[in-house]
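As provided, entry.txt (compact mmCIF, C-alpha atoms and all ligand atoms) reads as follows.
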```
# COMPACT_ATOMS: atom_id res chain seq x y z
CA MET A 1 28.55 -8.31 24.80
CA ARG A 2 28.36 -4.74 23.62
CA PRO A 3 24.88 -3.51 22.76
CA LEU A 4 23.51 -4.08 19.31
CA ASN A 5 21.97 -1.19 17.40
CA ARG A 6 19.51 0.17 19.95
CA ALA A 7 17.28 1.97 17.49
CA VAL A 8 16.76 -1.25 15.51
CA ALA A 9 16.35 -3.34 18.67
CA ALA A 10 13.55 -1.02 19.77
CA ILE A 11 11.52 -1.51 16.58
CA PRO A 12 8.65 -3.93 17.28
CA PRO A 13 8.29 -6.94 14.98
CA SER A 14 5.58 -6.64 12.32
CA GLY A 15 2.11 -7.33 13.75
CA ILE A 16 1.09 -8.79 10.39
CA ARG A 17 3.77 -11.46 10.60
CA ARG A 18 2.39 -12.65 13.95
CA PHE A 19 -1.03 -13.20 12.36
CA PHE A 20 0.46 -15.05 9.40
CA ASP A 21 2.21 -17.37 11.84
CA LEU A 22 -0.99 -17.98 13.81
CA ALA A 23 -2.95 -18.59 10.59
CA ALA A 24 -0.26 -20.86 9.12
CA ALA A 25 -0.61 -23.16 12.12
CA ARG A 26 -4.22 -23.96 11.11
CA PRO A 27 -4.82 -25.62 7.73
CA ASP A 28 -8.57 -24.81 7.67
CA VAL A 29 -8.05 -21.06 7.86
CA ILE A 30 -9.25 -18.78 5.07
CA SER A 31 -6.79 -15.96 4.85
CA LEU A 32 -7.87 -12.43 3.99
CA GLY A 33 -4.69 -11.28 5.63
CA ILE A 34 -2.17 -11.35 2.87
CA GLY A 35 -1.32 -8.23 0.89
CA GLU A 36 -0.35 -9.88 -2.35
CA PRO A 37 -2.19 -10.93 -5.49
CA ASP A 38 -3.66 -14.43 -5.47
CA PHE A 39 -2.97 -14.58 -9.21
CA VAL A 40 0.16 -16.23 -10.45
CA THR A 41 2.36 -14.00 -12.62
CA PRO A 42 0.88 -14.00 -16.15
CA TRP A 43 2.30 -16.79 -18.31
CA ARG A 44 3.85 -14.54 -20.95
CA ILE A 45 5.97 -12.91 -18.23
CA ARG A 46 7.03 -16.24 -16.74
CA GLU A 47 7.82 -17.51 -20.21
CA ALA A 48 10.00 -14.47 -20.91
CA ALA A 49 11.89 -15.20 -17.71
CA ILE A 50 12.37 -18.87 -18.63
CA TYR A 51 13.71 -17.77 -22.01
CA ALA A 52 16.01 -15.27 -20.31
CA VAL A 53 17.47 -18.07 -18.20
CA GLU A 54 17.89 -20.23 -21.30
CA GLN A 55 19.72 -17.37 -22.97
CA GLY A 56 22.07 -17.11 -20.02
CA HIS A 57 20.88 -13.79 -18.57
CA THR A 58 22.30 -14.77 -15.24
CA THR A 59 24.83 -12.03 -14.55
CA TYR A 60 24.76 -8.68 -12.75
CA THR A 61 23.21 -5.87 -14.76
CA ALA A 62 24.01 -2.16 -14.77
CA ASN A 63 23.55 -0.91 -11.20
CA SER A 64 20.60 1.27 -12.13
CA GLY A 65 18.98 -1.54 -14.14
CA ILE A 66 18.92 -2.83 -17.71
CA PRO A 67 18.81 0.23 -20.02
CA GLU A 68 15.84 -1.17 -21.98
CA LEU A 69 13.89 -1.63 -18.77
CA ARG A 70 14.64 1.94 -17.68
CA ARG A 71 13.52 3.14 -21.10
CA LEU A 72 10.23 1.27 -20.73
CA ILE A 73 9.72 2.66 -17.22
CA ALA A 74 10.30 6.19 -18.57
CA ARG A 75 7.78 5.49 -21.34
CA TYR A 76 5.28 4.19 -18.78
CA CYS A 77 5.69 7.26 -16.53
CA ASP A 78 5.26 9.53 -19.51
CA ALA A 79 2.16 7.76 -20.84
CA ARG A 80 0.34 6.91 -17.61
CA ASP A 81 1.62 9.33 -14.99
CA GLY A 82 2.18 12.36 -17.19
CA VAL A 83 5.71 12.91 -15.91
CA THR A 84 8.94 12.64 -17.88
CA TYR A 85 12.14 11.07 -16.56
CA ASN A 86 15.48 10.59 -18.24
CA PRO A 87 16.14 6.83 -18.28
CA ASP A 88 19.90 7.46 -18.21
CA ASN A 89 20.08 9.12 -14.82
CA GLU A 90 16.66 9.62 -13.24
CA ILE A 91 15.49 6.02 -12.80
CA VAL A 92 16.85 3.30 -10.52
CA VAL A 93 15.53 -0.25 -10.81
CA THR A 94 15.35 -1.79 -7.35
CA ALA A 95 14.53 -5.01 -5.53
CA GLY A 96 10.86 -4.08 -5.17
CA VAL A 97 9.39 -0.86 -3.86
CA SER A 98 10.69 -2.00 -0.48
CA GLU A 99 14.26 -1.32 -1.53
CA ALA A 100 13.27 1.86 -3.38
CA LEU A 101 11.64 3.16 -0.19
CA ASP A 102 14.73 2.38 1.86
CA LEU A 103 17.02 4.08 -0.69
CA ALA A 104 14.76 7.15 -0.82
CA LEU A 105 14.69 7.51 2.95
CA ARG A 106 18.40 6.97 3.36
CA ALA A 107 19.21 9.41 0.57
CA ILE A 108 17.28 12.27 2.14
CA THR A 109 17.20 11.64 5.88
CA GLU A 110 19.88 12.80 8.27
CA GLN A 111 20.00 11.85 11.95
CA GLY A 112 16.93 13.26 13.70
CA ASP A 113 15.16 14.52 10.58
CA GLU A 114 11.42 14.14 10.81
CA VAL A 115 9.40 12.38 8.14
CA ILE A 116 5.65 12.88 8.11
CA LEU A 117 3.59 9.82 7.32
CA PHE A 118 -0.13 9.20 7.32
CA GLU A 119 -1.68 6.65 9.62
CA PRO A 120 -3.08 4.11 9.29
CA CYS A 121 -0.21 3.22 6.96
CA TYR A 122 1.86 0.40 5.54
CA VAL A 123 3.68 -1.30 8.40
CA SER A 124 7.16 -0.68 6.99
CA TYR A 125 7.03 3.10 6.85
CA GLY A 126 7.76 3.93 10.48
CA PRO A 127 10.51 1.31 10.93
CA CYS A 128 12.18 2.28 7.62
CA VAL A 129 12.28 5.94 8.70
CA THR A 130 13.83 4.90 12.01
CA ILE A 131 16.38 2.64 10.31
CA ALA A 132 17.37 5.57 8.09
CA GLY A 133 18.08 7.62 11.24
CA GLY A 134 14.92 9.71 10.97
CA VAL A 135 11.96 10.22 13.24
CA PRO A 136 8.54 9.17 11.95
CA VAL A 137 5.84 11.73 12.68
CA ALA A 138 2.38 10.27 12.27
CA VAL A 139 -0.51 12.36 11.05
CA SER A 140 -3.76 10.47 11.44
CA THR A 141 -6.47 10.09 8.84
CA GLN A 142 -10.04 9.27 9.83
CA ALA A 143 -12.64 6.83 8.57
CA GLU A 144 -15.32 9.55 8.73
CA GLU A 145 -13.25 11.54 6.24
CA GLY A 146 -12.71 8.55 3.95
CA PHE A 147 -9.10 8.44 5.22
CA ALA A 148 -8.36 11.54 3.17
CA ILE A 149 -5.29 13.47 4.28
CA ALA A 150 -6.16 16.68 6.14
CA PRO A 151 -3.71 19.38 4.97
CA ASP A 152 -4.29 21.39 8.17
CA ARG A 153 -3.09 18.47 10.27
CA VAL A 154 0.00 18.25 8.07
CA ARG A 155 0.76 21.94 8.60
CA ALA A 156 0.35 21.46 12.35
CA ALA A 157 2.87 18.58 12.32
CA ILE A 158 5.64 20.50 10.53
CA THR A 159 8.62 21.56 12.64
CA SER A 160 12.08 22.91 11.83
CA ARG A 161 13.27 19.26 11.62
CA THR A 162 10.68 18.13 9.07
CA LYS A 163 12.48 16.89 5.97
CA ALA A 164 9.95 14.90 3.98
CA ILE A 165 6.39 13.75 3.54
CA LEU A 166 5.86 10.07 2.82
CA LEU A 167 2.53 9.18 1.30
CA CYS A 168 0.80 6.33 -0.42
CA SER A 169 -2.21 6.59 -2.71
CA PRO A 170 -4.04 4.29 -3.20
CA GLY A 171 -3.26 3.38 0.37
CA ASN A 172 -2.55 0.27 2.34
CA PRO A 173 -4.45 -0.68 4.57
CA THR A 174 -7.42 1.57 3.78
CA GLY A 175 -7.57 1.38 -0.02
CA ALA A 176 -8.20 5.14 0.06
CA VAL A 177 -7.36 7.12 -3.06
CA GLN A 178 -6.32 10.66 -2.12
CA PRO A 179 -8.29 13.21 -4.14
CA GLY A 180 -6.24 15.25 -6.64
CA PRO A 181 -6.97 18.61 -4.92
CA ILE A 182 -5.67 17.27 -1.59
CA LEU A 183 -2.48 16.02 -3.23
CA LYS A 184 -2.10 19.44 -4.83
CA GLN A 185 -2.39 21.09 -1.39
CA LEU A 186 0.22 18.69 -0.03
CA VAL A 187 2.59 19.62 -2.83
CA ASP A 188 2.00 23.30 -2.06
CA ILE A 189 2.87 22.64 1.58
CA ALA A 190 6.02 20.77 0.52
CA VAL A 191 7.07 23.68 -1.70
CA GLU A 192 6.30 26.25 0.99
CA HIS A 193 8.36 24.39 3.63
CA ASP A 194 10.99 23.04 1.25
CA LEU A 195 10.21 19.37 1.96
CA TYR A 196 10.87 16.28 -0.10
CA VAL A 197 7.94 14.09 -1.04
CA ILE A 198 8.23 10.31 -1.23
CA SER A 199 5.23 9.01 -3.11
CA ASP A 200 4.64 5.27 -2.94
CA GLU A 201 2.35 4.55 -5.89
CA ILE A 202 2.61 0.78 -5.87
CA TYR A 203 -1.18 0.44 -6.08
CA SER A 204 -1.55 3.05 -8.85
CA ARG A 205 -2.99 0.53 -11.32
CA LEU A 206 -5.53 -0.81 -8.85
CA VAL A 207 -8.13 1.95 -8.97
CA TYR A 208 -11.84 1.45 -9.57
CA GLY A 209 -13.67 4.12 -11.46
CA VAL A 210 -11.49 6.97 -10.22
CA PRO A 211 -8.31 8.37 -11.77
CA HIS A 212 -4.88 7.87 -10.23
CA THR A 213 -3.01 11.12 -9.65
CA CYS A 214 0.75 10.77 -9.88
CA VAL A 215 2.15 13.20 -7.30
CA ALA A 216 5.28 13.95 -9.33
CA GLY A 217 3.05 15.16 -12.17
CA ILE A 218 1.49 17.93 -10.04
CA PRO A 219 2.99 21.33 -10.90
CA GLY A 220 5.91 22.12 -8.58
CA ALA A 221 6.27 18.54 -7.36
CA ARG A 222 8.71 16.89 -9.73
CA GLU A 223 11.93 18.48 -8.48
CA ARG A 224 11.31 17.41 -4.86
CA THR A 225 9.47 14.12 -5.35
CA ILE A 226 10.71 10.56 -5.40
CA LEU A 227 8.18 8.43 -7.22
CA LEU A 228 8.16 4.78 -6.14
CA ASN A 229 6.42 2.10 -8.13
CA GLY A 230 6.83 -1.49 -9.20
CA LEU A 231 5.24 -4.59 -10.60
CA SER A 232 4.50 -6.59 -7.45
CA LYS A 233 0.82 -5.69 -7.31
CA SER A 234 -0.09 -4.65 -10.85
CA MET A 235 1.50 -7.69 -12.52
CA ALA A 236 1.26 -10.18 -9.64
CA MET A 237 5.05 -10.24 -9.36
CA THR A 238 5.69 -10.00 -5.60
CA GLY A 239 8.27 -12.78 -5.58
CA TRP A 240 10.35 -11.40 -8.43
CA ARG A 241 11.49 -8.35 -6.48
CA VAL A 242 11.37 -5.61 -9.10
CA GLY A 243 10.46 -2.02 -8.45
CA TYR A 244 11.80 1.38 -9.33
CA ALA A 245 12.38 4.90 -8.12
CA CYS A 246 12.23 8.00 -10.30
CA ALA A 247 13.55 11.38 -9.22
CA PRO A 248 15.79 14.21 -10.39
CA GLU A 249 19.41 13.19 -10.85
CA PRO A 250 20.81 14.80 -7.67
CA ILE A 251 18.52 12.49 -5.70
CA THR A 252 18.88 9.32 -7.80
CA SER A 253 22.67 9.65 -7.78
CA LEU A 254 22.65 9.30 -3.98
CA MET A 255 20.15 6.48 -4.10
CA LEU A 256 22.26 4.72 -6.69
CA LYS A 257 25.33 4.94 -4.44
CA ILE A 258 23.51 3.16 -1.63
CA HIS A 259 22.02 0.65 -4.09
CA GLN A 260 25.36 -0.20 -5.71
CA TYR A 261 27.12 -0.72 -2.39
CA THR A 262 24.32 -2.76 -0.81
CA THR A 263 22.41 -4.58 -3.55
CA LEU A 264 24.43 -4.10 -6.76
CA CYS A 265 21.39 -4.56 -8.95
CA ALA A 266 17.88 -6.00 -9.02
CA PRO A 267 17.79 -9.68 -10.09
CA HIS A 268 18.67 -9.98 -13.78
CA VAL A 269 16.02 -12.54 -14.69
CA SER A 270 13.37 -10.51 -12.89
CA GLN A 271 14.36 -7.44 -14.86
CA MET A 272 13.96 -9.44 -18.08
CA ALA A 273 10.50 -10.48 -16.88
CA ALA A 274 9.69 -6.85 -16.08
CA ILE A 275 10.63 -5.86 -19.63
CA GLU A 276 8.03 -8.29 -20.95
CA ALA A 277 5.49 -7.05 -18.39
CA LEU A 278 5.92 -3.43 -19.43
CA ARG A 279 5.95 -4.25 -23.13
CA ASN A 280 3.01 -6.62 -23.30
CA GLY A 281 1.39 -7.00 -19.88
CA GLU A 282 -1.28 -4.30 -20.00
CA ALA A 283 -4.19 -6.62 -20.89
CA GLU A 284 -3.20 -8.95 -18.03
CA THR A 285 -3.33 -6.11 -15.52
CA GLU A 286 -6.73 -5.06 -16.83
CA LYS A 287 -8.09 -8.59 -16.37
CA MET A 288 -6.86 -8.71 -12.76
CA VAL A 289 -8.23 -5.24 -12.00
CA ALA A 290 -11.66 -6.27 -13.34
CA ALA A 291 -11.63 -9.34 -11.06
CA TYR A 292 -10.57 -7.28 -8.03
CA ASP A 293 -13.35 -4.81 -8.71
CA VAL A 294 -16.05 -7.51 -8.60
CA ARG A 295 -14.61 -8.84 -5.33
CA ARG A 296 -14.30 -5.35 -3.86
CA ARG A 297 -17.99 -4.62 -4.40
CA TYR A 298 -19.03 -8.00 -3.08
CA LEU A 299 -16.86 -7.93 0.05
CA SER A 300 -17.69 -4.40 1.11
CA SER A 301 -21.43 -4.94 0.85
CA ALA A 302 -21.29 -8.44 2.38
CA LEU A 303 -19.27 -7.22 5.37
CA THR A 304 -21.66 -4.30 5.86
CA ASP A 305 -24.54 -6.80 5.84
CA ALA A 306 -22.65 -8.88 8.40
CA GLY A 307 -22.66 -5.91 10.78
CA LEU A 308 -19.24 -4.46 9.99
CA PRO A 309 -19.79 -1.11 8.23
CA CYS A 310 -17.56 -1.15 5.18
CA PRO A 311 -17.62 1.55 2.51
CA ALA A 312 -16.02 0.32 -0.74
CA PRO A 313 -12.60 1.97 -1.05
CA ASP A 314 -11.54 3.22 -4.50
CA GLY A 315 -8.18 1.52 -4.73
CA ALA A 316 -5.71 -1.27 -3.85
CA PHE A 317 -7.13 -4.67 -2.88
CA TYR A 318 -8.13 -4.06 0.71
CA VAL A 319 -11.28 -3.17 2.54
CA PHE A 320 -11.04 -1.72 6.02
CA PRO A 321 -14.36 -2.37 7.76
CA SER A 322 -15.26 -0.92 11.13
CA ILE A 323 -15.50 -3.50 13.89
CA GLU A 324 -16.73 -1.00 16.46
CA PRO A 325 -20.27 -2.50 16.53
CA THR A 326 -18.72 -5.64 18.06
CA GLY A 327 -17.21 -3.70 20.94
CA LEU A 328 -13.92 -5.56 20.53
CA ARG A 329 -10.49 -4.09 19.99
CA SER A 330 -9.07 -4.91 16.59
CA ASP A 331 -6.46 -7.36 17.88
CA GLU A 332 -9.09 -9.14 19.97
CA PHE A 333 -11.45 -9.26 17.02
CA ALA A 334 -8.79 -10.68 14.70
CA GLU A 335 -7.57 -13.21 17.22
CA ARG A 336 -11.06 -14.44 18.04
CA LEU A 337 -12.13 -14.50 14.40
CA LEU A 338 -9.13 -16.69 13.69
CA GLU A 339 -9.69 -18.95 16.72
CA GLU A 340 -13.47 -19.24 16.57
CA ALA A 341 -14.23 -18.90 12.85
CA GLY A 342 -10.98 -19.77 11.05
CA VAL A 343 -10.68 -16.49 9.11
CA ALA A 344 -7.47 -14.46 9.15
CA VAL A 345 -7.67 -10.67 8.90
CA VAL A 346 -5.20 -8.06 10.10
CA PRO A 347 -6.00 -5.87 13.13
CA GLY A 348 -6.15 -2.20 12.18
CA SER A 349 -3.96 -1.29 15.15
CA VAL A 350 -0.86 -2.77 13.48
CA PHE A 351 -1.08 0.08 10.95
CA GLY A 352 -0.95 2.70 13.70
CA PRO A 353 -3.25 3.87 16.49
CA SER A 354 -5.71 5.45 14.08
CA GLY A 355 -6.28 2.01 12.53
CA GLU A 356 -7.90 0.86 15.79
CA GLY A 357 -11.59 0.03 15.42
CA HIS A 358 -10.96 -1.57 12.00
CA VAL A 359 -9.50 -4.69 10.47
CA ARG A 360 -7.86 -5.06 7.09
CA CYS A 361 -9.35 -7.69 4.78
CA SER A 362 -7.59 -8.36 1.51
CA TYR A 363 -9.74 -9.37 -1.45
CA ALA A 364 -6.73 -10.70 -3.28
CA ALA A 365 -8.29 -14.11 -2.69
CA PRO A 366 -10.43 -16.29 -4.98
CA PHE A 367 -14.12 -15.45 -5.02
CA PRO A 368 -15.29 -18.75 -3.44
CA ALA A 369 -12.85 -18.18 -0.57
CA LEU A 370 -14.30 -14.70 -0.05
CA GLU A 371 -17.84 -16.12 0.02
CA GLN A 372 -16.83 -18.78 2.52
CA ALA A 373 -15.02 -16.20 4.67
CA VAL A 374 -18.10 -13.97 4.65
CA ARG A 375 -20.31 -16.87 5.78
CA ARG A 376 -17.94 -17.50 8.69
CA ILE A 377 -17.67 -13.80 9.58
CA ARG A 378 -21.46 -13.44 9.50
CA GLN A 379 -21.83 -16.36 11.90
CA PHE A 380 -19.10 -14.95 14.15
CA THR A 381 -20.64 -11.46 14.36
CA ARG A 382 -24.08 -12.99 14.93
CA GLN A 383 -22.73 -15.06 17.83
CA LEU A 384 -21.04 -11.99 19.30
CA ALA A 385 -24.30 -10.06 19.06
CA ASP A 386 -26.28 -12.92 20.62
CA ARG A 387 -23.84 -13.20 23.49
CA ARG A 388 -24.02 -9.46 23.93
CA SER A 389 -27.78 -9.46 24.21
CA ASP A 390 -27.66 -12.41 26.63
CA ARG A 391 -25.24 -10.42 28.77
CA ARG A 392 -27.41 -7.37 28.49
CA ARG A 393 -30.42 -9.35 29.67
CA GLN A 394 -28.42 -10.84 32.55
CA GLY A 395 -27.06 -7.37 33.39
CA ILE A 396 -30.55 -5.96 33.55
CA ALA A 397 -31.65 -8.89 35.70
CA VAL A 398 -28.70 -8.29 38.05
CA ALA A 399 -29.45 -4.56 38.12
CA ASN A 400 -33.07 -5.34 38.93
CA ARG A 401 -31.82 -7.45 41.85
CA GLY A 402 -29.81 -4.44 43.01
CA GLY A 403 -26.41 -5.72 41.80
CA SER A 404 -23.62 -3.42 40.67
CA CYS A 405 -22.65 -5.11 37.36
CA THR A 406 -22.62 -2.69 34.44
CA PRO A 407 -24.80 -3.80 31.51
CA VAL A 408 -22.63 -4.52 28.48
CA ALA A 409 -24.65 -2.03 26.42
CA GLU A 410 -23.07 0.74 28.46
CA LEU A 411 -19.55 -0.42 27.67
CA SER A 412 -19.11 0.68 24.12
CA GLY A 413 -16.42 1.57 21.65
CA LYS A 414 -12.67 1.20 21.54
CA GLY A 415 -10.61 -0.12 24.34
CA ARG A 416 -13.19 -2.59 25.60
CA SER A 417 -11.48 -5.80 26.49
CA ALA A 418 -12.48 -9.28 25.35
CA THR A 419 -13.16 -10.25 28.94
CA CYS A 420 -16.14 -7.86 28.89
CA GLU A 421 -17.59 -9.80 25.98
N1 LIG A 501 4.45 -0.24 -0.42
C1 LIG A 501 3.24 -0.63 -0.01
C2 LIG A 501 2.22 0.40 0.34
C3 LIG A 501 2.94 -1.99 0.10
O1 LIG A 501 1.71 -2.36 0.51
C4 LIG A 501 3.92 -2.95 -0.20
C5 LIG A 501 3.65 -4.38 -0.06
O2 LIG A 501 2.67 -4.81 0.47
C6 LIG A 501 5.17 -2.49 -0.62
C7 LIG A 501 5.40 -1.14 -0.72
C8 LIG A 501 6.28 -3.45 -0.96
O3 LIG A 501 6.26 -3.71 -2.32
P1 LIG A 501 7.35 -4.56 -3.09
O4 LIG A 501 6.84 -5.96 -3.19
O5 LIG A 501 7.45 -3.93 -4.44
O6 LIG A 501 8.62 -4.47 -2.32
```

In structure tokens, what does this structure look like?
Amino acid sequence: MRPLNRAVAAIPPSGIRRFFDLAAARPDVISLGIGEPDFVTPWRIREAAIYAVEQGHTTYTANSGIPELRRLIARYCDARDGVTYNPDNEIVVTAGVSEALDLALRAITEQGDEVILFEPCYVSYGPCVTIAGGVPVAVSTQAEEGFAIAPDRVRAAITSRTKAILLCSPGNPTGAVQPGPILKQLVDIAVEHDLYVISDEIYSRLVYGVPHTCVAGIPGARERTILLNGLSKSMAMTGWRVGYACAPEPITSLMLKIHQYTTLCAPHVSQMAAIEALRNGEAETEKMVAAYDVRRRYLSSALTDAGLPCPAPDGAFYVFPSIEPTGLRSDEFAERLLEEAGVAVVPGSVFGPSGEGHVRCSYAAPFPALEQAVRRIRQFTRQLADRRSDRRRQGIAVANRGGSCTPVAELSGKGRSATCE
């Protein structure tokens, strides 16, 4: 047989998927692994969809989406993001932000173009850049800096092949909200080097006590920015597959070409549901955000108490505690937590090398499940610590007998294998 697409064959399967599969095999597992709301889509939205089906809204729609939906998206961007788009030719309704991201990358990337992204990041970014023919260039962000983007590191990563910057605030997996002044500096860099900006703002509504800055609204940004957003997270609508991209017409016209030849249109019924969500869903989002906020505070302080330092991030529905005190690598930690304590979390390493030393815990789970998970995690970390001190004592005893075994206390930090534990 002739070779299949080598670039695609070389992309590793998602590390998150593997953990879902492991967790699914055990019915007693509490999952903090999943990146989707635990709420069902609000009833008024479901009801609007049922009515749409009754009314026979079962056909294709305009390729770029139902005009009324595009009008509502434009109104939303104007009111909440402070940026104006023409619903006739600057908005494309897509099958989730996932499709919008793919369209954006394919519209701007040519073979070998480099796209800067910020690690740890959403697992799809690197593979989607590769699939579009580009080369992902990772710029790391650090826990000690609150996972804020360092503009100097961005400048250092720019080459003559750099075409775009892909960013996400609030971010997955860290929950970090990039401060406005940093976003402004990024826009300045994009202008200076004539780069496109793809801004994934899918978590824009999930912010806690801090404002969301829409990148396209920053002076100088609009003409080179593709704004991606959708209803999956803010309206608990992951399964409906509705998102959108907003950009100047020269960009959306290319995106629309790809969309019309590959997808035709986002699902009609889902677009009808999205119309209801944008017209009347605000109070529902606010209720969910208030619930997430309570869980966010609880989980970050409970994990810190359990020995996993965990500052409370300002956005999304993830916390990203450090597991370094355990001495385990993140994949070892997650695997053992699943095996020994029945709690599923996602190893930080699946979000890029700079995610090592952390795990992602989603608080899009009911409060009692979070409490139960914390009890199990506390017991797990306590057992690890006990075993560590036993080893330390044995190590000292061996050392006192003149043996050559290294006390565990001297083996610290990343890269320590589970067999040392
Ligand atoms: N972007 C980010 C950062 C995400 O975390 C996700 C889903 O987890 C998506 C995009 C995909 O969103 P959608 O369901 O709208 O395709």

- Message: Counting only C-alpha atoms and all ligand atoms, what are the residues, protein, DNA or RNA alike, that approach ligand LIG 501 (chain A) to within 6 Å? I want them as an MDAnalysis selection string.
- Response: chainID A and resid 35 96:98 122 172 202 230 232 238 243

Could you build a table of the residues in range 247-321 of chain A lying no more than 9 Å from range 53-72 of chain A, giving for each the nearest pair of atoms and their separation in Å rounded to one decimal place, using only C-alpha atoms, ordered by chain and ascending residue number, as CSV?
```
residue,atom,partner,partner_atom,distance
A:Leu256,CA,A:Ser64,CA,6.7
A:His259,CA,A:Asn63,CA,7.4
A:Gln260,CA,A:Asn63,CA,5.8
A:Thr263,CA,A:Asn63,CA,8.6
A:Leu264,CA,A:Asn63,CA,5.5
A:Cys265,CA,A:Asn63,CA,4.8
A:Ala266,CA,A:Gly65,CA,6.9
A:Pro267,CA,A:Tyr60,CA,7.5
A:His268,CA,A:Thr58,CA,6.2
A:Val269,CA,A:His57,CA,6.3
A:Gln271,CA,A:Leu69,CA,7.0
A:Met272,CA,A:Leu69,CA,7.8
A:Ala274,CA,A:Leu69,CA,7.2
A:Ile275,CA,A:Leu69,CA,5.4
A:Leu278,CA,A:Leu72,CA,6.5
A:Arg279,CA,A:Leu72,CA,7.4
```

Based on the selection just made, write C-alpha atoms of those residues as a PDB file, keeping the file's coordinate frame.
```pdb
ATOM      1  CA  LEU A 256      22.260   4.720  -6.690  1.00  0.00           C
ATOM      2  CA  HIS A 259      22.020   0.650  -4.090  1.00  0.00           C
ATOM      3  CA  GLN A 260      25.360  -0.200  -5.710  1.00  0.00           C
ATOM      4  CA  THR A 263      22.410  -4.580  -3.550  1.00  0.00           C
ATOM      5  CA  LEU A 264      24.430  -4.100  -6.760  1.00  0.00           C
ATOM      6  CA  CYS A 265      21.390  -4.560  -8.950  1.00  0.00           C
ATOM      7  CA  ALA A 266      17.880  -6.000  -9.020  1.00  0.00           C
ATOM      8  CA  PRO A 267      17.790  -9.680 -10.090  1.00  0.00           C
ATOM      9  CA  HIS A 268      18.670  -9.980 -13.780  1.00  0.00           C
ATOM     10  CA  VAL A 269      16.020 -12.540 -14.690  1.00  0.00           C
ATOM     11  CA  GLN A 271      14.360  -7.440 -14.860  1.00  0.00           C
ATOM     12  CA  MET A 272      13.960  -9.440 -18.080  1.00  0.00           C
ATOM     13  CA  ALA A 274       9.690  -6.850 -16.080  1.00  0.00           C
ATOM     14  CA  ILE A 275      10.630  -5.860 -19.630  1.00  0.00           C
ATOM     15  CA  LEU A 278       5.920  -3.430 -19.430  1.00  0.00           C
ATOM     16  CA  ARG A 279       5.950  -4.250 -23.130  1.00  0.00           C
TER      17      ARG A 279
END
```

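Between Val123 in chain A and the residues A:Arg336, A:Arg17, A:Arg44, A:Arg295, the shortest atom-to-atom distance, using all atoms listed in the file, involves A:Arg17.
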
- Non-local contacts of range 134-139 of chain A (10 Å; all atoms listed in the file; under 3 positions in same chain excluded) as a PyMOL selection string: chain A and resi 105-106+108-121+125-131+149-151+153-158+161-166+352-354

- Neighbours of point (-19.3, -5.3, 4.7) within 10 Å, using all atoms listed in the file, written as JSON, numbers by chain: {"A": [296, 297, 298, 299, 300, 301, 302, 303, 304, 305, 306, 307, 308, 309, 310, 311, 312, 319, 320, 321, 322, 374, 377, 378]}

Extract range 255-262 of chain A from the preceding block and save N, CA, C and O atoms as a PDB file, in the first residue's frame.
```
ATOM      1  N   MET A 255     -12.329  31.440   4.792  1.00  0.00           N
ATOM      2  CA  MET A 255     -12.831  30.447   5.751  1.00  0.00           C
ATOM      3  C   MET A 255     -14.151  29.858   5.264  1.00  0.00           C
ATOM      4  O   MET A 255     -14.399  28.657   5.362  1.00  0.00           O
ATOM      5  N   LEU A 256     -14.971  30.733   4.718  1.00  0.00           N
ATOM      6  CA  LEU A 256     -16.283  30.295   4.235  1.00  0.00           C
ATOM      7  C   LEU A 256     -16.146  29.305   3.076  1.00  0.00           C
ATOM      8  O   LEU A 256     -16.920  28.352   2.972  1.00  0.00           O
ATOM      9  N   LYS A 257     -15.132  29.528   2.227  1.00  0.00           N
ATOM     10  CA  LYS A 257     -14.922  28.587   1.114  1.00  0.00           C
ATOM     11  C   LYS A 257     -14.635  27.190   1.659  1.00  0.00           C
ATOM     12  O   LYS A 257     -15.218  26.209   1.219  1.00  0.00           O
ATOM     13  N   ILE A 258     -13.744  27.130   2.637  1.00  0.00           N
ATOM     14  CA  ILE A 258     -13.398  25.803   3.199  1.00  0.00           C
ATOM     15  C   ILE A 258     -14.643  25.200   3.854  1.00  0.00           C
ATOM     16  O   ILE A 258     -14.975  24.033   3.658  1.00  0.00           O
ATOM     17  N   HIS A 259     -15.340  26.049   4.619  1.00  0.00           N
ATOM     18  CA  HIS A 259     -16.540  25.598   5.352  1.00  0.00           C
ATOM     19  C   HIS A 259     -17.600  25.062   4.374  1.00  0.00           C
ATOM     20  O   HIS A 259     -18.178  24.000   4.598  1.00  0.00           O
ATOM     21  N   GLN A 260     -17.824  25.785   3.264  1.00  0.00           N
ATOM     22  CA  GLN A 260     -18.926  25.356   2.389  1.00  0.00           C
ATOM     23  C   GLN A 260     -18.582  24.087   1.616  1.00  0.00           C
ATOM     24  O   GLN A 260     -19.462  23.317   1.276  1.00  0.00           O
ATOM     25  N   TYR A 261     -17.277  23.860   1.383  1.00  0.00           N
ATOM     26  CA  TYR A 261     -16.907  22.634   0.669  1.00  0.00           C
ATOM     27  C   TYR A 261     -16.727  21.446   1.606  1.00  0.00           C
ATOM     28  O   TYR A 261     -16.678  20.310   1.153  1.00  0.00           O
ATOM     29  N   THR A 262     -16.581  21.706   2.902  1.00  0.00           N
ATOM     30  CA  THR A 262     -16.337  20.574   3.811  1.00  0.00           C
ATOM     31  C   THR A 262     -17.510  20.282   4.744  1.00  0.00           C
ATOM     32  O   THR A 262     -17.788  19.136   5.059  1.00  0.00           O
TER      33      THR A 262
END
```
